[in-house]
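Novice: Below: one structure in structure tokens.
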Amino acid sequence: MADFIKNPVVDLLDRNPEPVFSGKDLSFSKDEKAQIMKWVSSYPSKEGAVMHGLWLAQEKFGFLPPEVIQLVADEIGMPYADTYGVATFYTQYFKEKKGDYVLDVCTCFSCQLCGGYDILHYLEDKLGIHKGETTADGMFTIQEAECLGACGSAPMLQVTNGPYVNHLTPEKIDALVDALRDGKMPEFESVTLPQDEDELGGNRRTDVSLTPTYGVCPVSETLS
Ligand code: FES
């Protein structure tokens with residue numbers, strides 16, 4: 001069961017931890033400031049630029065500790081609390097340092113029924129860490145994710161807010177981890193959309209034989 005269902009009350013981030021970035025290291029370049037101002041001017045109100053600003057900051061600093069959230073707030077001219085609210089609402093914004101690759105394993109309903117927890121536990125065993133942890137070499141972080149909108153391709157995971165890897169099996173996890181260790185990001189695997197289903201003749205896939213995971217319903221060992 002997802003953590004937030006078991007314990008819907010989450011702790012707020014420490015507002016004043018020891019800063020990770022300071023001085024010259026805690027600033028946007030001239031070009032980055034210009035880009036943020038461009039976003040600010042392209043929305044009816046400056047708040048519209050906050051997601052772009054946070055994303056740019058995450059790409060630059062790797063994650064969003066309070067001093068970086070404050071930097072974004074100051075640049076846009078927004079209160080810290082509002083900027084913090086956006087940064088903490090979306091799990092895609094990292095509030096703490098993560099590994100080079102963040103593996104978001106979906107365990108929401110469709111993925112759960114198709115073995116999402118088996119995949120999560122396999123990955124945890126393989127990397128020797130639990131969800132929420134980062135490997136000692138700083139390469140991988142495992143996270144449990146809510147629905148990522150690829151339910152028809154369950155079970156699936158997302159790599160660092162980027163490519164989707166669908167129809168997961170232990171073999172596919174092995175190949176993915178090997179590829180990432182070699183510095184190769186996977187291609188984004190597209191997901192089954194309703195219009196695809198129409199093209200395939202209704203609401204049933206007709207290419208079952210081409211997709212082994214559809215051949216035998218991969219019911220989670222955890223649930224059986
Ligand atoms: S339940 Fe996993 S993508 Fe929707």
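As shown in the structure tokens, the chain order sets the letters A, B, ...; within each chain, residues go from 1, and ligands are also counted from 1 in the order they appear.
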For the interface of chain A with ligand 1 (cut-off 7 Å, counting only C-alpha atoms and all ligand atoms), please tabulate each contacting residue of chain A alongside its nearest pair of atoms and their separation in Å to one decimal, rows sorted by chain and increasing number, as JSON lines.

Specialist:
```
{"residue": "A:Cys106", "atom": "CA", "partner": "ligand 1", "partner_atom_place_in_ligand_line": "2 (Fe)", "distance": 4.7}
{"residue": "A:Thr107", "atom": "CA", "partner": "ligand 1", "partner_atom_place_in_ligand_line": "2 (Fe)", "distance": 6.0}
{"residue": "A:Cys108", "atom": "CA", "partner": "ligand 1", "partner_atom_place_in_ligand_line": "1 (S)", "distance": 4.2}
{"residue": "A:Phe109", "atom": "CA", "partner": "ligand 1", "partner_atom_place_in_ligand_line": "1 (S)", "distance": 4.8}
{"residue": "A:Ser110", "atom": "CA", "partner": "ligand 1", "partner_atom_place_in_ligand_line": "1 (S)", "distance": 4.1}
{"residue": "A:Cys111", "atom": "CA", "partner": "ligand 1", "partner_atom_place_in_ligand_line": "2 (Fe)", "distance": 4.2}
{"residue": "A:Gln112", "atom": "CA", "partner": "ligand 1", "partner_atom_place_in_ligand_line": "1 (S)", "distance": 6.9}
{"residue": "A:Glu146", "atom": "CA", "partner": "ligand 1", "partner_atom_place_in_ligand_line": "2 (Fe)", "distance": 6.8}
{"residue": "A:Cys147", "atom": "CA", "partner": "ligand 1", "partner_atom_place_in_ligand_line": "4 (Fe)", "distance": 3.8}
{"residue": "A:Leu148", "atom": "CA", "partner": "ligand 1", "partner_atom_place_in_ligand_line": "3 (S)", "distance": 4.2}
{"residue": "A:Gly149", "atom": "CA", "partner": "ligand 1", "partner_atom_place_in_ligand_line": "3 (S)", "distance": 4.5}
{"residue": "A:Ala150", "atom": "CA", "partner": "ligand 1", "partner_atom_place_in_ligand_line": "3 (S)", "distance": 3.8}
{"residue": "A:Cys151", "atom": "CA", "partner": "ligand 1", "partner_atom_place_in_ligand_line": "4 (Fe)", "distance": 3.5}
{"residue": "A:Ala154", "atom": "CA", "partner": "ligand 1", "partner_atom_place_in_ligand_line": "2 (Fe)", "distance": 5.7}
{"residue": "A:Pro155", "atom": "CA", "partner": "ligand 1", "partner_atom_place_in_ligand_line": "2 (Fe)", "distance": 6.1}
{"residue": "A:Met156", "atom": "CA", "partner": "ligand 1", "partner_atom_place_in_ligand_line": "2 (Fe)", "distance": 6.2}
```

Novice: Using only N, CA and C atoms, please write the residues we just selected to a file, as a compact mmCIF listing (two decimals), in the first residue's frame.

Specialist:
```txt
# COMPACT_ATOMS: atom_id res chain seq x y z
N CYS A 106 5.89 2.61 -10.51
CA CYS A 106 4.47 2.82 -10.23
C CYS A 106 3.89 1.60 -9.53
N THR A 107 3.22 1.85 -8.40
CA THR A 107 2.52 0.75 -7.70
C THR A 107 1.06 1.11 -7.51
N CYS A 108 0.57 2.04 -8.36
CA CYS A 108 -0.84 2.39 -8.27
C CYS A 108 -1.66 1.23 -8.84
N PHE A 109 -2.97 1.39 -8.91
CA PHE A 109 -3.84 0.24 -9.07
C PHE A 109 -3.51 -0.70 -10.23
N SER A 110 -3.45 -0.17 -11.44
CA SER A 110 -3.21 -1.06 -12.59
C SER A 110 -1.85 -1.72 -12.47
N CYS A 111 -0.83 -0.94 -12.13
CA CYS A 111 0.51 -1.52 -12.03
C CYS A 111 0.57 -2.51 -10.87
N GLN A 112 -0.11 -2.19 -9.78
CA GLN A 112 -0.12 -3.09 -8.62
C GLN A 112 -0.70 -4.45 -9.01
N GLU A 146 2.99 7.14 -7.73
CA GLU A 146 1.57 6.99 -8.03
C GLU A 146 1.40 6.94 -9.54
N CYS A 147 0.16 6.76 -10.00
CA CYS A 147 -0.11 6.53 -11.41
C CYS A 147 0.59 7.55 -12.30
N LEU A 148 1.30 7.03 -13.29
CA LEU A 148 2.04 7.88 -14.22
C LEU A 148 1.35 7.94 -15.58
N GLY A 149 0.10 7.49 -15.60
CA GLY A 149 -0.71 7.65 -16.81
C GLY A 149 -0.40 6.64 -17.91
N ALA A 150 0.25 5.55 -17.54
CA ALA A 150 0.57 4.53 -18.54
C ALA A 150 -0.02 3.19 -18.11
N CYS A 151 -1.24 3.26 -17.55
CA CYS A 151 -1.85 2.07 -16.95
C CYS A 151 -1.97 0.91 -17.94
N ALA A 154 1.12 -1.36 -17.95
CA ALA A 154 1.58 -1.78 -16.62
C ALA A 154 2.20 -3.17 -16.66
N PRO A 155 3.13 -3.43 -15.72
CA PRO A 155 3.71 -2.49 -14.76
C PRO A 155 4.83 -1.68 -15.42
N MET A 156 5.02 -0.48 -14.94
CA MET A 156 5.98 0.41 -15.60
C MET A 156 6.74 1.24 -14.57
```

Novice: Hey, what's within 6 Å of region 93-104 of chain A if we count only C-alpha atoms and toss same-chain stuff fewer than 2 positions away? As a list of chain:residue names, please?

Specialist: A:Phe63, A:Leu64, A:Pro65, A:Ala87, A:Tyr90, A:Thr91, A:Thr134, A:Gly138, A:Met139, A:Phe140, A:Thr141, A:Ile142, A:Gln143, A:Glu144, A:Ala145, A:Leu157, A:Gln158, A:Val159, A:Thr160

Novice: Please identify all polymer residues within 10 Å of Met185 (chain A), counting only C-alpha atoms, omitting same-chain residues fewer than 2 positions from it, and present them as a PDB file with C-alpha atoms, in the first residue's frame.

Specialist:
```pdb
ATOM      1  CA  TYR A 101      19.056   7.968 -11.971  1.00  0.00           C
ATOM      2  CA  VAL A 159      13.605   7.139 -15.231  1.00  0.00           C
ATOM      3  CA  THR A 160      14.412  10.558 -13.702  1.00  0.00           C
ATOM      4  CA  GLY A 162      11.968  11.138 -18.348  1.00  0.00           C
ATOM      5  CA  PRO A 163      11.643   7.900 -20.307  1.00  0.00           C
ATOM      6  CA  LEU A 176      17.656  -1.380 -17.823  1.00  0.00           C
ATOM      7  CA  VAL A 177      20.044  -1.288 -14.859  1.00  0.00           C
ATOM      8  CA  ALA A 179      22.223   0.045 -19.664  1.00  0.00           C
ATOM      9  CA  LEU A 180      22.045   2.856 -17.108  1.00  0.00           C
ATOM     10  CA  ARG A 181      25.298   1.692 -15.535  1.00  0.00           C
ATOM     11  CA  ASP A 182      26.790   2.088 -19.025  1.00  0.00           C
ATOM     12  CA  GLY A 183      25.368   5.602 -19.190  1.00  0.00           C
ATOM     13  CA  GLU A 187      14.224   5.276 -25.324  1.00  0.00           C
ATOM     14  CA  PHE A 188      10.846   6.604 -24.179  1.00  0.00           C
TER      15      PHE A 188
END
```

Novice: Mind checking which residues fall within 12 Å of Val68 (chain A), counting only C-alpha atoms, ignoring those fewer than 3 positions away in the same chain, and posting them as a PyMOL selection string?

Specialist: chain A and resi 15-16+19-23+25-28+53-65+71-75+80+83-84+87+93-96

Novice: Would you write out those residues with C-alpha atoms, as a PDB file, in the first residue's frame?

Specialist:
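Writing the result to out01.pdb gives the following:
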```
ATOM      1  CA  ARG A  15      12.594  25.437   6.780  1.00  0.00           C
ATOM      2  CA  ASN A  16      16.105  26.206   7.981  1.00  0.00           C
ATOM      3  CA  PRO A  19      22.232  25.286   3.413  1.00  0.00           C
ATOM      4  CA  VAL A  20      23.789  23.147   0.703  1.00  0.00           C
ATOM      5  CA  PHE A  21      24.374  26.073  -1.643  1.00  0.00           C
ATOM      6  CA  SER A  22      25.505  29.554  -0.687  1.00  0.00           C
ATOM      7  CA  GLY A  23      27.367  32.576  -1.972  1.00  0.00           C
ATOM      8  CA  ASP A  25      27.064  28.928  -5.929  1.00  0.00           C
ATOM      9  CA  LEU A  26      23.549  30.050  -5.090  1.00  0.00           C
ATOM     10  CA  SER A  27      22.673  32.222  -8.040  1.00  0.00           C
ATOM     11  CA  PHE A  28      21.260  32.181 -11.532  1.00  0.00           C
ATOM     12  CA  GLY A  53      11.582  28.419 -12.651  1.00  0.00           C
ATOM     13  CA  LEU A  54      11.660  25.454 -10.289  1.00  0.00           C
ATOM     14  CA  TRP A  55      12.418  23.088 -13.147  1.00  0.00           C
ATOM     15  CA  LEU A  56      15.288  25.250 -14.349  1.00  0.00           C
ATOM     16  CA  ALA A  57      16.609  25.396 -10.785  1.00  0.00           C
ATOM     17  CA  GLN A  58      16.376  21.623 -10.413  1.00  0.00           C
ATOM     18  CA  GLU A  59      18.299  21.102 -13.651  1.00  0.00           C
ATOM     19  CA  LYS A  60      20.978  23.504 -12.440  1.00  0.00           C
ATOM     20  CA  PHE A  61      21.291  22.470  -8.793  1.00  0.00           C
ATOM     21  CA  GLY A  62      20.101  18.858  -9.023  1.00  0.00           C
ATOM     22  CA  PHE A  63      17.442  19.294  -6.350  1.00  0.00           C
ATOM     23  CA  LEU A  64      15.524  21.974  -4.488  1.00  0.00           C
ATOM     24  CA  PRO A  65      16.661  22.607  -0.915  1.00  0.00           C
ATOM     25  CA  LEU A  71      16.136  31.829  -4.925  1.00  0.00           C
ATOM     26  CA  VAL A  72      13.361  30.942  -7.378  1.00  0.00           C
ATOM     27  CA  ALA A  73      10.804  32.823  -5.262  1.00  0.00           C
ATOM     28  CA  ASP A  74      13.000  35.924  -5.196  1.00  0.00           C
ATOM     29  CA  GLU A  75      13.691  35.807  -8.915  1.00  0.00           C
ATOM     30  CA  TYR A  80       8.456  31.642  -0.407  1.00  0.00           C
ATOM     31  CA  THR A  83       6.807  28.612  -4.245  1.00  0.00           C
ATOM     32  CA  TYR A  84       7.372  25.970  -1.562  1.00  0.00           C
ATOM     33  CA  ALA A  87       7.708  22.487  -5.157  1.00  0.00           C
ATOM     34  CA  TYR A  93      10.560  18.255  -7.952  1.00  0.00           C
ATOM     35  CA  PHE A  94      13.278  16.700  -5.800  1.00  0.00           C
ATOM     36  CA  LYS A  95      13.496  18.241  -2.345  1.00  0.00           C
ATOM     37  CA  GLU A  96      16.587  16.246  -1.450  1.00  0.00           C
TER      38      GLU A  96
END
```

Novice: List as a list in words the protein and nucleic acid residues near Ala49 (chain A), meaning an atom at most 9 Å away when only C-alpha atoms are counted, but skip any in the same chain fewer than 2 places from it.

Specialist: Ile36, Met37, Lys38, Trp39, Val40, Ser41, Ser42, Tyr43, Ser45, Lys46, Glu47, Met51, His52, Gly53, Leu54 and Ile76 of chain A

Novice: Extract the full set of helix (DSSP H, G or I) residues from region 17-196 of chain A according to DSSP on the backbone, and format it as a PyMOL selection string.

Specialist: chain A and resi 23-25+30-41+46-61+66-76+80-89+109-113+116-127+151-153+170-181+194-196

Novice: Of the candidates A:Glu189, A:Glu67, A:Asp174, A:Glu18, which one gets nearest to Glu124 (chain A) if we count only C-alpha atoms?

Specialist: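 Ranked by minimum distance to Glu124 (chain A), first place goes to A:Asp174.
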
Novice: Quick one: pull the distance between CA of Ser153 (chain A) and CA of Gly128 (chain A), Å, one decimal.

Specialist: 26.4 Å

Novice: From a DSSP calculation on the backbone, collect every residue of region 23-153 of chain A in strand (DSSP E) and output the set as a count of residues only.

Specialist: 12
